[in-house]
Amino acid sequence: MIDIKTEITGNIWKIEAKPGDRLDEGDAIMILESMKMEIPVSAPEPGTLREILFEEGATVTEGTVVARIEA
């Protein structure tokens, strides 16, 4: 299982994928909004999205695990 962490502090603006989706490296899992910028949180390698730990609108800090994929 691979933990997907945020690189910045921000709000989860939009969730792009759902558990069970097959992802390729670089596919967006969710979009964070920070300082009026949209920053994607992407899959670091191919795998299946197993869980998303937060809902849209949640505030997360840098380094927070927001999702998990299974390679």
# chains A, B, ... in the order shown; residues from 1 in each chain; ligands from 1
>>> residues_around(residues="Arg50 (chain A)", least_positions_apart="2", cutoff="6 Å", atoms="only C-alpha atoms", output="PDB file with N, CA and C atoms, in the first residue's frame")
ATOM      1  N   PRO A  19     -12.369   5.348  -5.066  1.00  0.00           N
ATOM      2  CA  PRO A  19     -11.808   4.037  -4.735  1.00  0.00           C
ATOM      3  C   PRO A  19     -12.206   2.989  -5.775  1.00  0.00           C
ATOM      4  N   GLY A  20     -11.227   2.177  -6.148  1.00  0.00           N
ATOM      5  CA  GLY A  20     -11.437   1.157  -7.170  1.00  0.00           C
ATOM      6  C   GLY A  20     -10.930   1.575  -8.539  1.00  0.00           C
ATOM      7  N   ARG A  68      -4.680   6.342  -0.405  1.00  0.00           N
ATOM      8  CA  ARG A  68      -3.791   5.186  -0.482  1.00  0.00           C
ATOM      9  C   ARG A  68      -4.075   4.445  -1.790  1.00  0.00           C
ATOM     10  N   ILE A  69      -2.977   4.028  -2.444  1.00  0.00           N
ATOM     11  CA  ILE A  69      -3.134   3.203  -3.635  1.00  0.00           C
ATOM     12  C   ILE A  69      -2.387   1.894  -3.422  1.00  0.00           C
TER      13      ILE A  69
END
>>> select_by_dssp(residues="chain A", states="strand (DSSP E)", output="PyMOL selection string")
chain A and resi 2-5+10-15+22-23+28-34+37-42+47-52+59-60+65-70
>>> residues_around(residues="Glu45 (chain A)", least_positions_apart="4", cutoff="10 Å", atoms="only C-alpha atoms", output="list of chain:residue names")
A:Ile2, A:Leu23, A:Asp24, A:Glu25, A:Gly26, A:Asp27, A:Ile69, A:Glu70, A:Ala71
>>> closest_residue(among="A:Gly63, A:Met1, A:Gly47, A:Glu33", to="Lys14 (chain A)", atoms="only C-alpha atoms")
A:Glu33
>>> atom_distance(atom1="CA of Lys36 (chain A)", atom2="CA of Glu16 (chain A)")
18.6 Å
>>> closest_residue(among="A:Glu62, A:Glu51, A:Glu38, A:Glu56", to="Ile8 (chain A)", atoms="only C-alpha atoms")
A:Glu62
>>> atom_distance(atom1="CA of Thr61 (chain A)", atom2="CA of Met37 (chain A)")
15.4 Å
>>> closest_residue(among="A:Met35, A:Pro44, A:Ile52, A:Ala58", to="Asn11 (chain A)", atoms="only C-alpha atoms")
A:Ala58
>>> closest_residue(among="A:Ile15, A:Glu55, A:Gly10, A:Ala67", to="Ala43 (chain A)", atoms="only C-alpha atoms")
A:Ala67
>>> atom_distance(atom1="CA of Leu32 (chain A)", atom2="CA of Thr59 (chain A)")
9.0 Å
>>> residues_around(residues="Ala17 (chain A)", least_positions_apart="6", cutoff="8 Å", atoms="only C-alpha atoms", output="MDAnalysis selection string")
chainID A and resid 28:30 49
